[in-house]
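Colleague: Dropping in upload.txt, which is compact mmCIF, C-alpha atoms and all ligand atoms:
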# COMPACT_ATOMS: atom_id res chain seq x y z
CA MET A 1 8.59 27.55 -47.17
CA ASP A 2 11.58 28.26 -44.87
CA ASN A 3 9.23 28.10 -41.87
CA PHE A 4 7.82 24.82 -43.04
CA VAL A 5 11.28 23.27 -43.28
CA SER A 6 12.25 24.52 -39.81
CA ILE A 7 9.18 22.82 -38.27
CA GLU A 8 9.46 19.69 -40.39
CA LYS A 9 13.08 18.92 -39.45
CA PRO A 10 12.57 18.46 -35.70
CA LEU A 11 9.44 16.42 -36.42
CA VAL A 12 11.41 14.06 -38.68
CA VAL A 13 14.14 13.76 -36.04
CA LEU A 14 11.53 13.01 -33.35
CA GLY A 15 9.86 10.45 -35.61
CA CYS A 16 13.21 8.70 -36.25
CA LEU A 17 14.01 8.67 -32.54
CA TYR A 18 10.61 7.17 -31.74
CA LEU A 19 11.05 4.48 -34.40
CA SER A 20 14.56 3.61 -33.22
CA TRP A 21 13.27 3.36 -29.64
CA LYS A 22 10.50 0.98 -30.80
CA ILE A 23 13.00 -1.16 -32.73
CA ILE A 24 15.41 -1.33 -29.80
CA ARG A 25 12.57 -2.33 -27.45
CA HIS A 26 11.47 -5.00 -29.88
CA ILE A 27 14.98 -6.45 -30.24
CA TRP A 28 15.41 -6.25 -26.47
CA SER A 29 12.26 -8.27 -25.79
CA PHE A 30 13.11 -10.64 -28.68
CA LEU A 31 16.48 -11.37 -27.14
CA ASN A 32 14.62 -11.81 -23.85
CA VAL A 33 17.15 -9.70 -21.97
CA GLU A 34 16.22 -9.85 -18.32
CA LYS A 35 15.65 -6.75 -16.23
CA GLU A 36 17.90 -6.16 -13.23
CA PRO A 37 16.33 -7.67 -10.08
CA VAL A 38 14.55 -5.36 -7.63
CA THR A 39 15.24 -6.04 -3.95
CA VAL A 40 12.12 -6.17 -1.78
CA LEU A 41 12.23 -6.27 2.02
CA VAL A 42 9.38 -7.86 3.96
CA THR A 43 9.58 -7.42 7.73
CA GLY A 44 7.60 -9.76 9.97
CA ALA A 45 8.03 -12.29 7.17
CA ALA A 46 7.48 -15.32 9.42
CA GLY A 47 4.02 -14.04 10.34
CA GLN A 48 0.75 -14.73 8.61
CA ILE A 49 0.74 -11.76 6.20
CA GLY A 50 4.41 -12.40 5.42
CA TYR A 51 3.66 -16.03 4.59
CA ALA A 52 0.94 -14.97 2.14
CA LEU A 53 2.93 -12.05 0.73
CA VAL A 54 6.33 -13.45 -0.18
CA PRO A 55 5.02 -15.99 -2.73
CA MET A 56 2.91 -13.25 -4.33
CA ILE A 57 6.02 -11.08 -4.73
CA ALA A 58 8.01 -14.04 -6.09
CA ARG A 59 5.27 -14.72 -8.66
CA GLY A 60 5.30 -11.16 -9.98
CA ALA A 61 2.03 -9.94 -8.43
CA MET A 62 3.77 -6.89 -6.98
CA LEU A 63 6.19 -5.74 -9.69
CA GLY A 64 4.97 -7.47 -12.82
CA PRO A 65 5.48 -10.80 -14.59
CA ASP A 66 8.82 -9.80 -16.18
CA GLN A 67 10.47 -8.25 -13.13
CA PRO A 68 13.00 -10.47 -11.31
CA VAL A 69 13.13 -9.95 -7.55
CA ILE A 70 15.40 -10.62 -4.60
CA ILE A 71 13.47 -10.99 -1.35
CA HIS A 72 14.91 -9.97 2.02
CA MET A 73 12.92 -11.32 4.97
CA LEU A 74 13.32 -9.97 8.50
CA ASP A 75 11.85 -11.31 11.69
CA ILE A 76 12.87 -11.43 15.35
CA GLU A 77 15.04 -14.10 17.02
CA PRO A 78 12.15 -16.21 18.47
CA ALA A 79 10.78 -16.54 14.93
CA ALA A 80 14.15 -17.32 13.30
CA GLU A 81 13.44 -21.03 12.76
CA ALA A 82 10.02 -20.37 11.25
CA LEU A 83 11.57 -17.68 9.04
CA ASN A 84 14.13 -20.20 7.79
CA GLY A 85 11.23 -22.55 7.01
CA VAL A 86 9.67 -19.83 4.82
CA LYS A 87 13.00 -19.46 3.03
CA MET A 88 13.14 -23.23 2.43
CA GLU A 89 9.63 -23.12 0.95
CA LEU A 90 10.52 -20.22 -1.35
CA ILE A 91 13.44 -22.27 -2.66
CA ASP A 92 11.25 -25.36 -3.02
CA ALA A 93 8.64 -23.44 -5.02
CA ALA A 94 11.27 -22.78 -7.76
CA PHE A 95 9.86 -19.37 -8.74
CA PRO A 96 11.36 -18.29 -12.08
CA LEU A 97 11.45 -14.59 -11.05
CA LEU A 98 13.07 -15.17 -7.67
CA LYS A 99 16.81 -14.42 -7.94
CA GLY A 100 17.75 -14.54 -4.28
CA VAL A 101 16.39 -14.86 -0.74
CA VAL A 102 17.85 -13.50 2.48
CA ALA A 103 16.26 -14.60 5.76
CA THR A 104 17.69 -12.76 8.73
CA THR A 105 17.07 -11.39 12.19
CA ASP A 106 19.65 -8.63 11.61
CA VAL A 107 17.92 -5.42 10.65
CA VAL A 108 21.02 -4.02 8.89
CA ASP A 109 21.41 -7.11 6.66
CA ALA A 110 17.70 -6.99 5.98
CA CYS A 111 17.67 -3.32 4.90
CA ASN A 112 20.88 -3.48 2.88
CA GLY A 113 20.29 -2.14 -0.65
CA VAL A 114 16.52 -2.62 -0.64
CA ASN A 115 14.48 -0.79 -3.28
CA ILE A 116 11.10 -1.51 -1.73
CA ALA A 117 10.36 -2.08 1.96
CA VAL A 118 7.08 -3.62 3.06
CA MET A 119 6.93 -3.19 6.82
CA VAL A 120 4.64 -5.88 8.24
CA GLY A 121 6.59 -6.72 11.40
CA GLY A 122 4.77 -6.00 14.63
CA PHE A 123 2.05 -7.22 16.91
CA PRO A 124 -1.46 -7.72 15.50
CA ARG A 125 -4.52 -6.80 17.54
CA LYS A 126 -6.78 -9.47 19.02
CA GLU A 127 -10.56 -9.60 19.33
CA GLY A 128 -11.97 -6.61 21.25
CA MET A 129 -8.91 -4.38 20.70
CA GLU A 130 -8.73 -1.21 18.61
CA ARG A 131 -5.71 -0.91 16.31
CA LYS A 132 -4.25 1.86 18.43
CA ASP A 133 -4.14 -0.61 21.38
CA VAL A 134 -1.00 -2.11 19.81
CA MET A 135 0.55 1.37 19.61
CA SER A 136 3.21 1.23 22.31
CA LYS A 137 4.76 -2.05 21.08
CA ASN A 138 4.68 -1.13 17.43
CA VAL A 139 5.78 2.51 17.28
CA SER A 140 9.05 1.72 19.04
CA ILE A 141 9.77 -0.94 16.39
CA TYR A 142 9.19 1.69 13.67
CA LYS A 143 11.45 4.21 15.35
CA ALA A 144 14.28 1.64 15.52
CA GLN A 145 13.82 0.37 11.95
CA ALA A 146 13.66 3.93 10.53
CA SER A 147 17.37 4.49 11.05
CA ALA A 148 18.33 1.10 9.59
CA LEU A 149 16.34 1.88 6.45
CA GLU A 150 17.73 5.39 6.24
CA GLN A 151 21.31 4.17 6.47
CA HIS A 152 21.22 0.95 4.47
CA ALA A 153 18.37 0.94 1.96
CA ALA A 154 18.75 2.29 -1.59
CA PRO A 155 18.41 6.11 -1.52
CA ASP A 156 15.16 6.04 -3.53
CA CYS A 157 13.65 3.16 -1.51
CA LYS A 158 9.84 3.16 -1.43
CA VAL A 159 8.34 2.21 1.93
CA LEU A 160 4.92 0.74 2.65
CA VAL A 161 3.91 0.34 6.30
CA VAL A 162 1.31 -2.37 6.91
CA ALA A 163 1.65 -3.02 10.65
CA ASN A 164 -0.89 -1.27 12.87
CA PRO A 165 -1.47 1.46 13.74
CA ALA A 166 -0.35 1.76 10.11
CA ASN A 167 -0.66 5.54 9.58
CA THR A 168 1.07 6.42 12.84
CA ASN A 169 3.81 3.78 12.45
CA ALA A 170 4.52 5.28 9.01
CA LEU A 171 4.62 8.77 10.50
CA ILE A 172 7.09 7.67 13.20
CA LEU A 173 9.21 5.97 10.55
CA LYS A 174 9.17 9.19 8.51
CA GLU A 175 10.10 11.37 11.47
CA PHE A 176 13.01 9.15 12.51
CA ALA A 177 14.32 8.73 8.96
CA PRO A 178 14.50 12.39 7.91
CA SER A 179 16.72 11.74 4.89
CA ILE A 180 14.17 9.43 3.23
CA PRO A 181 12.01 11.70 1.03
CA GLU A 182 8.55 12.03 2.64
CA LYS A 183 6.99 11.08 -0.72
CA ASN A 184 8.59 7.64 -0.32
CA ILE A 185 6.85 6.72 2.95
CA THR A 186 3.28 5.47 2.76
CA CYS A 187 0.87 3.22 4.65
CA LEU A 188 -1.64 0.62 3.54
CA THR A 189 -5.29 1.65 3.18
CA ARG A 190 -5.66 -0.18 -0.11
CA LEU A 191 -7.21 -3.11 1.75
CA ASP A 192 -10.01 -0.80 2.94
CA HIS A 193 -10.31 0.59 -0.61
CA ASN A 194 -10.64 -2.94 -2.02
CA ARG A 195 -13.15 -3.83 0.71
CA ALA A 196 -15.28 -0.82 -0.32
CA LEU A 197 -15.13 -1.89 -3.99
CA GLY A 198 -16.13 -5.39 -2.89
CA GLN A 199 -19.16 -4.15 -0.95
CA ILE A 200 -20.47 -2.10 -3.90
CA SER A 201 -19.88 -4.99 -6.29
CA GLU A 202 -21.81 -7.39 -4.00
CA LYS A 203 -24.66 -4.92 -3.57
CA LEU A 204 -25.05 -4.37 -7.34
CA ASP A 205 -24.17 -7.94 -8.33
CA VAL A 206 -21.50 -6.71 -10.77
CA HIS A 207 -17.91 -7.84 -11.01
CA VAL A 208 -15.60 -5.88 -8.72
CA SER A 209 -13.46 -4.79 -11.70
CA GLU A 210 -16.42 -2.75 -13.00
CA VAL A 211 -16.40 -0.54 -9.87
CA LYS A 212 -13.82 2.21 -9.39
CA ASN A 213 -12.89 5.43 -7.64
CA VAL A 214 -14.18 4.82 -4.14
CA ILE A 215 -12.07 6.70 -1.60
CA ILE A 216 -10.79 5.83 1.85
CA TRP A 217 -10.11 9.05 3.72
CA GLY A 218 -7.97 9.18 6.84
CA ASN A 219 -6.90 6.57 9.31
CA HIS A 220 -6.72 2.79 8.81
CA SER A 221 -9.02 2.47 11.82
CA SER A 222 -12.71 2.41 12.59
CA THR A 223 -12.90 6.20 12.02
CA GLN A 224 -11.82 5.89 8.36
CA TYR A 225 -14.34 7.34 5.91
CA PRO A 226 -15.17 5.10 2.93
CA ASP A 227 -16.60 7.61 0.44
CA VAL A 228 -18.64 6.45 -2.52
CA ASN A 229 -19.71 9.89 -3.79
CA HIS A 230 -17.30 9.90 -6.75
CA ALA A 231 -17.32 6.16 -7.45
CA THR A 232 -18.53 4.87 -10.81
CA VAL A 233 -19.63 1.53 -12.23
CA ASN A 234 -19.20 0.34 -15.83
CA THR A 235 -22.52 -0.80 -17.25
CA ASN A 236 -23.74 -1.78 -20.72
CA ASN A 237 -24.96 1.83 -20.98
CA GLY A 238 -21.60 3.37 -20.09
CA GLN A 239 -20.16 4.58 -16.81
CA LYS A 240 -22.73 5.48 -14.11
CA PRO A 241 -22.36 6.98 -10.63
CA ALA A 242 -22.32 4.18 -8.04
CA ARG A 243 -24.68 6.16 -5.79
CA GLU A 244 -27.28 6.41 -8.56
CA LEU A 245 -27.06 2.68 -9.38
CA VAL A 246 -27.25 1.59 -5.74
CA GLY A 247 -30.25 3.91 -5.29
CA ASP A 248 -30.21 3.49 -1.51
CA ASP A 249 -28.66 6.50 0.21
CA LYS A 250 -29.61 5.18 3.63
CA TRP A 251 -27.53 2.01 3.08
CA LEU A 252 -24.63 3.95 1.55
CA ASN A 253 -24.54 6.48 4.39
CA THR A 254 -24.78 3.95 7.22
CA GLU A 255 -24.34 0.20 6.75
CA PHE A 256 -21.89 0.43 3.84
CA ILE A 257 -19.63 2.75 5.84
CA THR A 258 -19.69 0.72 9.05
CA THR A 259 -19.21 -2.59 7.20
CA VAL A 260 -15.99 -1.29 5.61
CA GLN A 261 -14.84 0.37 8.85
CA GLN A 262 -15.45 -2.82 10.84
CA ARG A 263 -14.36 -5.39 8.26
CA GLY A 264 -11.02 -6.04 9.97
CA ALA A 265 -12.81 -6.77 13.26
CA ALA A 266 -15.32 -9.04 11.45
CA ILE A 267 -12.45 -11.08 9.98
CA ILE A 268 -10.80 -11.37 13.41
CA LYS A 269 -14.11 -12.56 14.88
CA ALA A 270 -14.51 -15.18 12.13
CA ARG A 271 -10.90 -16.41 11.84
CA LYS A 272 -9.64 -15.60 15.32
CA LEU A 273 -6.77 -14.09 13.37
CA SER A 274 -6.58 -10.82 11.47
CA SER A 275 -6.84 -10.54 7.67
CA ALA A 276 -3.81 -11.97 5.93
CA LEU A 277 -4.40 -13.01 2.32
CA SER A 278 -6.41 -9.86 1.55
CA ALA A 279 -3.81 -7.70 3.31
CA ALA A 280 -0.99 -9.32 1.34
CA SER A 281 -2.84 -8.98 -1.96
CA SER A 282 -3.67 -5.32 -1.25
CA ALA A 283 -0.03 -4.61 -0.36
CA CYS A 284 0.90 -5.95 -3.83
CA ASP A 285 -1.78 -3.71 -5.40
CA HIS A 286 -0.44 -0.68 -3.51
CA ILE A 287 3.16 -1.14 -4.64
CA ARG A 288 2.25 -2.24 -8.18
CA ASP A 289 0.17 0.88 -8.81
CA TRP A 290 2.73 3.14 -7.16
CA VAL A 291 5.61 1.75 -9.27
CA LEU A 292 3.85 0.92 -12.53
CA GLY A 293 1.11 3.59 -12.45
CA THR A 294 -2.66 3.69 -11.96
CA PRO A 295 -4.83 2.99 -15.01
CA LYS A 296 -6.07 6.13 -16.82
CA GLY A 297 -9.13 7.62 -15.15
CA THR A 298 -8.72 5.51 -12.02
CA TRP A 299 -7.54 6.52 -8.60
CA VAL A 300 -6.69 4.41 -5.55
CA SER A 301 -6.38 5.14 -1.82
CA MET A 302 -2.95 5.42 -0.19
CA GLY A 303 -1.87 6.67 3.21
CA VAL A 304 0.53 9.51 2.32
CA TYR A 305 2.11 12.51 4.01
CA SER A 306 -0.48 15.30 4.03
CA ASP A 307 0.41 18.47 2.15
CA GLY A 308 -2.70 20.24 3.48
CA SER A 309 -4.97 19.11 0.62
CA TYR A 310 -8.69 19.07 1.52
CA GLY A 311 -7.87 20.98 4.72
CA ILE A 312 -6.09 18.00 6.32
CA PRO A 313 -3.36 19.18 8.70
CA GLN A 314 0.17 18.76 7.40
CA GLY A 315 2.33 16.41 9.42
CA LEU A 316 -0.05 13.43 9.32
CA ILE A 317 0.03 10.29 7.21
CA TYR A 318 -3.55 10.38 5.94
CA SER A 319 -5.32 8.27 3.32
CA PHE A 320 -6.23 10.27 0.20
CA PRO A 321 -7.36 9.42 -3.33
CA VAL A 322 -4.19 9.33 -5.44
CA THR A 323 -3.12 8.64 -8.99
CA CYS A 324 0.37 7.33 -9.72
CA GLU A 325 2.64 7.90 -12.68
CA LYS A 326 6.35 7.16 -13.20
CA GLY A 327 6.75 5.99 -9.61
CA GLU A 328 5.20 9.11 -8.02
CA TRP A 329 1.81 9.50 -6.39
CA SER A 330 -0.25 12.71 -6.51
CA ILE A 331 -3.34 13.52 -4.50
CA VAL A 332 -6.45 13.87 -6.70
CA GLN A 333 -7.48 17.51 -6.40
CA GLY A 334 -10.76 19.39 -6.75
CA LEU A 335 -13.26 16.74 -5.61
CA LYS A 336 -16.48 18.21 -4.25
CA ILE A 337 -16.92 17.42 -0.55
CA ASP A 338 -20.45 17.51 0.88
CA GLU A 339 -21.31 18.32 4.49
CA LEU A 340 -21.56 14.72 5.74
CA SER A 341 -18.22 13.86 4.12
CA ARG A 342 -16.56 16.97 5.58
CA GLU A 343 -17.51 15.91 9.10
CA LYS A 344 -16.20 12.39 8.60
CA ILE A 345 -13.01 13.54 6.87
CA ASP A 346 -12.27 15.86 9.80
CA ALA A 347 -13.17 13.28 12.46
CA THR A 348 -10.64 10.75 11.19
CA ALA A 349 -7.98 13.51 10.91
CA LYS A 350 -8.68 14.41 14.55
CA GLU A 351 -8.07 10.80 15.58
CA LEU A 352 -4.74 10.84 13.74
CA VAL A 353 -3.68 14.00 15.57
CA GLU A 354 -4.50 12.26 18.88
CA GLU A 355 -2.65 9.09 17.80
CA LYS A 356 0.42 11.16 16.96
CA THR A 357 0.47 12.63 20.49
CA LEU A 358 -0.06 9.17 21.99
CA ALA A 359 2.74 7.71 19.84
CA TYR A 360 5.20 10.34 21.02
CA SER A 361 4.20 9.71 24.64
CA CYS A 362 4.90 5.97 24.10
CA LEU A 363 8.37 6.80 22.76
CA ASN A 364 9.33 8.99 25.72
N1 LIG B 1 -2.84 -1.98 7.19
C1 LIG B 1 -3.60 -3.03 7.00
O1 LIG B 1 -4.49 -3.02 6.14
C2 LIG B 1 -3.41 -4.27 7.83
C3 LIG B 1 -2.50 -4.33 8.84
N2 LIG B 1 -2.32 -5.46 9.58
C4 LIG B 1 -1.28 -5.44 10.60
O2 LIG B 1 -0.12 -6.10 10.06
C5 LIG B 1 0.70 -6.57 11.14
C6 LIG B 1 1.12 -8.01 10.90
O3 LIG B 1 0.00 -8.85 10.93
P1 LIG B 1 0.16 -10.45 10.91
O4 LIG B 1 1.11 -10.86 9.86
O5 LIG B 1 -1.18 -10.99 10.93
O6 LIG B 1 0.83 -10.67 12.33
P2 LIG B 1 1.72 -11.91 12.82
O7 LIG B 1 1.79 -11.83 14.30
O8 LIG B 1 1.27 -13.17 12.20
O9 LIG B 1 3.15 -11.55 12.20
C7 LIG B 1 3.89 -10.47 12.62
C8 LIG B 1 5.35 -10.86 12.55
O10 LIG B 1 6.13 -9.73 12.92
C9 LIG B 1 7.22 -10.21 13.65
N3 LIG B 1 7.85 -9.12 14.39
C10 LIG B 1 7.55 -8.64 15.62
N4 LIG B 1 8.41 -7.67 15.94
C11 LIG B 1 9.25 -7.52 14.90
C12 LIG B 1 10.35 -6.69 14.64
N5 LIG B 1 10.79 -5.81 15.54
N6 LIG B 1 11.00 -6.81 13.46
C13 LIG B 1 10.59 -7.71 12.55
N7 LIG B 1 9.56 -8.52 12.74
C14 LIG B 1 8.90 -8.44 13.90
C15 LIG B 1 6.63 -11.30 14.53
O11 LIG B 1 7.63 -12.16 15.04
C16 LIG B 1 5.71 -11.99 13.53
O12 LIG B 1 6.37 -13.02 12.82
C17 LIG B 1 -0.12 -6.36 12.39
O13 LIG B 1 0.30 -5.15 13.01
C18 LIG B 1 -1.53 -6.21 11.86
O14 LIG B 1 -2.36 -5.51 12.76
C19 LIG B 1 -3.06 -6.59 9.34
C20 LIG B 1 -4.00 -6.59 8.34
C21 LIG B 1 -4.26 -5.43 7.52
O1 LIG B 2 -8.15 -5.26 11.88
C1 LIG B 2 -6.97 -5.56 12.13
O2 LIG B 2 -6.43 -5.47 13.22
C2 LIG B 2 -6.14 -5.99 10.97
C3 LIG B 2 -6.35 -4.94 9.97
O3 LIG B 2 -5.79 -3.87 10.05
C4 LIG B 2 -7.40 -5.14 8.98
O4 LIG B 2 -7.84 -6.27 8.75
O5 LIG B 2 -7.80 -4.15 8.39
As structure tokens, please, write out the structure in this file.
Ligand SMILES: NC(=O)C1=CN([C@@H]2O[C@H](COP(=O)(O)OP(=O)(O)OC[C@H]3O[C@@H](n4cnc5c(N)ncnc54)[C@H](O)[C@@H]3O)[C@@H](O)[C@H]2O)C=CC1
Ligand SMILES: O=C([O-])CC(=O)C(=O)O

Modeller:
Amino acid sequence: MDNFVSIEKPLVVLGCLYLSWKIIRHIWSFLNVEKEPVTVLVTGAAGQIGYALVPMIARGAMLGPDQPVIIHMLDIEPAAEALNGVKMELIDAAFPLLKGVVATTDVVDACNGVNIAVMVGGFPRKEGMERKDVMSKNVSIYKAQASALEQHAAPDCKVLVVANPANTNALILKEFAPSIPEKNITCLTRLDHNRALGQISEKLDVHVSEVKNVIIWGNHSSTQYPDVNHATVNTNNGQKPARELVGDDKWLNTEFITTVQQRGAAIIKARKLSSALSAASSACDHIRDWVLGTPKGTWVSMGVYSDGSYGIPQGLIYSFPVTCEKGEWSIVQGLKIDELSREKIDATAKELVEEKTLAYSCLN
């Protein structure tokens, strides 16, 4: 009996605490008390991704429909007038969640107090170029902006690098901002992940939301490895492996991979400009899942600092399958890697090692 009472008491206390928490939450939402705004920096905000991205952030696509935001926009002096035009449009759109806009060409003002930094500023590649061809211009920008972020952003600021070469720019930013925790510096491969989901959904004629757990391994470049071996599709008969449903290994091992790898180039060829709306939307997906968590049983691809998982050298920003919870990502462990995948996973890592050397030679 004594034992029973000693177990029961803490359970009752826990139950009361849980109920009080529920009641407080209910009253809170009833009173419609607003959350504190989160400050989001977008660099290169006068450019085409920036123009697509800032309204998405202001509408809640990045941080949720009840999260007020303050947007800081940075661009360079020649783009100052265009940047001011974007600010005017943000004001004109009267977004309920938008609590402030700063448009500046001063990197310190831009970084001041930011909680999330989306680094889009840089030079996009043109038709016929590889992403590493914009290396020398872009890595020096990331070296310079690293110290501004380190000194002026909020200490727990989360950073997403979009500008190409995205993995290597993120690595340079990490190396020149040593006091920012390495877990807080990531690069965008979610666009490639979404492209892979899109290709499977088109092939099977199912809605893209029914497909999950593709993986983009490695570099956001034409050596990336879009891996469908662990992907599943929701069907009327439950969840099935995507490979089994597609039933065409030849397509999955060749055309599917090259289509995803070359999708950026295909968009440039068609638009004469690189992807913008899909890049902006994927940047929102990346931050939303990182901050608010990935749905149960689902992983996404993020370029993160390698801890040696899957034999990838440490000291690279490499795209892995990750799940996110409470604002932290973790690499999905224990996936079986077949021989073909191993080769491709290593090949894209090798390119990143070469890019790192090239980046350092550009900075010297
Ligand atoms: N990781 C990914 O999935 C993707 C990456 N990208 C990359 O994103 C970057 C931006 O692309 P777009 O918006 O199409 O280019 P854009 O040329 O339209 O815009 C780039 C903006 O950055 C600004 N900028 C240049 N140097 C800057 C600096 N030091 N500080 C702040 N801003 C600066 C430019 O003035 C321009 O307004 C490119 O590097 C592109 O290759 C594009 C699509 C997908
Ligand atoms: O291809 C480019 O240069 C732009 C980009 O990164 C993409 O669309 O994936």

Colleague: Just give me the gap between CA of Val139 (chain A) and CA of Val86 (chain A) in Å, one decimal is fine.

Modeller: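 Between these atoms lies a distance of 25.9 Å.
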
Colleague: The centre and edge lengths of an axis-aligned box containing all atoms of region 71-82 of chain A present in the file, extended by 5 Å on each side, are to be given in Å to one decimal, as lines of an AutoDock Vina configuration file.

Modeller:
center_x = 12.5
center_y = -15.5
center_z = 8.6
size_x = 15.0
size_y = 21.1
size_z = 29.8

Colleague: Which residue out of A:Tyr310, A:Phe123, A:Tyr360, A:Trp21 has the minimum interatomic distance to ligand LIG 1 (chain B) when all atoms listed in the file are used?

Modeller: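 Looking at the shortest contact to ligand LIG 1 (chain B), the residue is A:Phe123.
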
Colleague: Restricting the calculation to all atoms listed in the file: of A:Ile70, A:Ala231, A:Val162, A:Ile317, which residue gets closest to Ala276 (chain A)?

Modeller: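 Looking at the shortest contact to Ala276 (chain A), the residue is A:Val162.
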
Colleague: Write out as a compact mmCIF listing (two decimals) with C-alpha atoms, keeping the file's coordinate frame the residues lying within 9 Å of Val353 (chain A), counting all atoms listed in the file and excluding same-chain residues fewer than 5 positions away.

Modeller:
# COMPACT_ATOMS: atom_id res chain seq x y z
CA PRO A 313 -3.36 19.18 8.70
CA GLY A 315 2.33 16.41 9.42
CA LEU A 316 -0.05 13.43 9.32
CA THR A 348 -10.64 10.75 11.19
CA LEU A 358 -0.06 9.17 21.99

Colleague: For region 337-348 of chain A, supply N, CA and C atoms and report the output as a PDB file, keeping the file's coordinate frame.

Modeller:
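Ended up saving to rebuild.pdb:
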ATOM      1  N   ILE A 337     -16.728  18.099  -1.841  1.00  0.00           N
ATOM      2  CA  ILE A 337     -16.920  17.420  -0.550  1.00  0.00           C
ATOM      3  C   ILE A 337     -18.221  17.934   0.062  1.00  0.00           C
ATOM      4  N   ASP A 338     -19.189  17.035   0.280  1.00  0.00           N
ATOM      5  CA  ASP A 338     -20.450  17.510   0.880  1.00  0.00           C
ATOM      6  C   ASP A 338     -20.310  17.575   2.411  1.00  0.00           C
ATOM      7  N   GLU A 339     -21.391  18.036   3.047  1.00  0.00           N
ATOM      8  CA  GLU A 339     -21.310  18.320   4.490  1.00  0.00           C
ATOM      9  C   GLU A 339     -21.030  17.069   5.329  1.00  0.00           C
ATOM     10  N   LEU A 340     -21.744  15.969   4.996  1.00  0.00           N
ATOM     11  CA  LEU A 340     -21.560  14.720   5.740  1.00  0.00           C
ATOM     12  C   LEU A 340     -20.104  14.234   5.603  1.00  0.00           C
ATOM     13  N   SER A 341     -19.601  14.307   4.368  1.00  0.00           N
ATOM     14  CA  SER A 341     -18.220  13.860   4.120  1.00  0.00           C
ATOM     15  C   SER A 341     -17.241  14.723   4.901  1.00  0.00           C
ATOM     16  N   ARG A 342     -17.471  16.041   4.889  1.00  0.00           N
ATOM     17  CA  ARG A 342     -16.560  16.970   5.580  1.00  0.00           C
ATOM     18  C   ARG A 342     -16.404  16.564   7.044  1.00  0.00           C
ATOM     19  N   GLU A 343     -17.557  16.279   7.679  1.00  0.00           N
ATOM     20  CA  GLU A 343     -17.510  15.910   9.100  1.00  0.00           C
ATOM     21  C   GLU A 343     -16.670  14.657   9.305  1.00  0.00           C
ATOM     22  N   LYS A 344     -16.892  13.670   8.423  1.00  0.00           N
ATOM     23  CA  LYS A 344     -16.200  12.390   8.600  1.00  0.00           C
ATOM     24  C   LYS A 344     -14.707  12.505   8.265  1.00  0.00           C
ATOM     25  N   ILE A 345     -14.406  13.334   7.258  1.00  0.00           N
ATOM     26  CA  ILE A 345     -13.010  13.540   6.870  1.00  0.00           C
ATOM     27  C   ILE A 345     -12.242  14.216   8.013  1.00  0.00           C
ATOM     28  N   ASP A 346     -12.915  15.156   8.687  1.00  0.00           N
ATOM     29  CA  ASP A 346     -12.270  15.860   9.800  1.00  0.00           C
ATOM     30  C   ASP A 346     -12.161  14.968  11.045  1.00  0.00           C
ATOM     31  N   ALA A 347     -13.182  14.119  11.258  1.00  0.00           N
ATOM     32  CA  ALA A 347     -13.170  13.280  12.460  1.00  0.00           C
ATOM     33  C   ALA A 347     -11.994  12.297  12.424  1.00  0.00           C
ATOM     34  N   THR A 348     -11.737  11.731  11.261  1.00  0.00           N
ATOM     35  CA  THR A 348     -10.640  10.750  11.190  1.00  0.00           C
ATOM     36  C   THR A 348      -9.276  11.465  11.266  1.00  0.00           C
TER      37      THR A 348
END
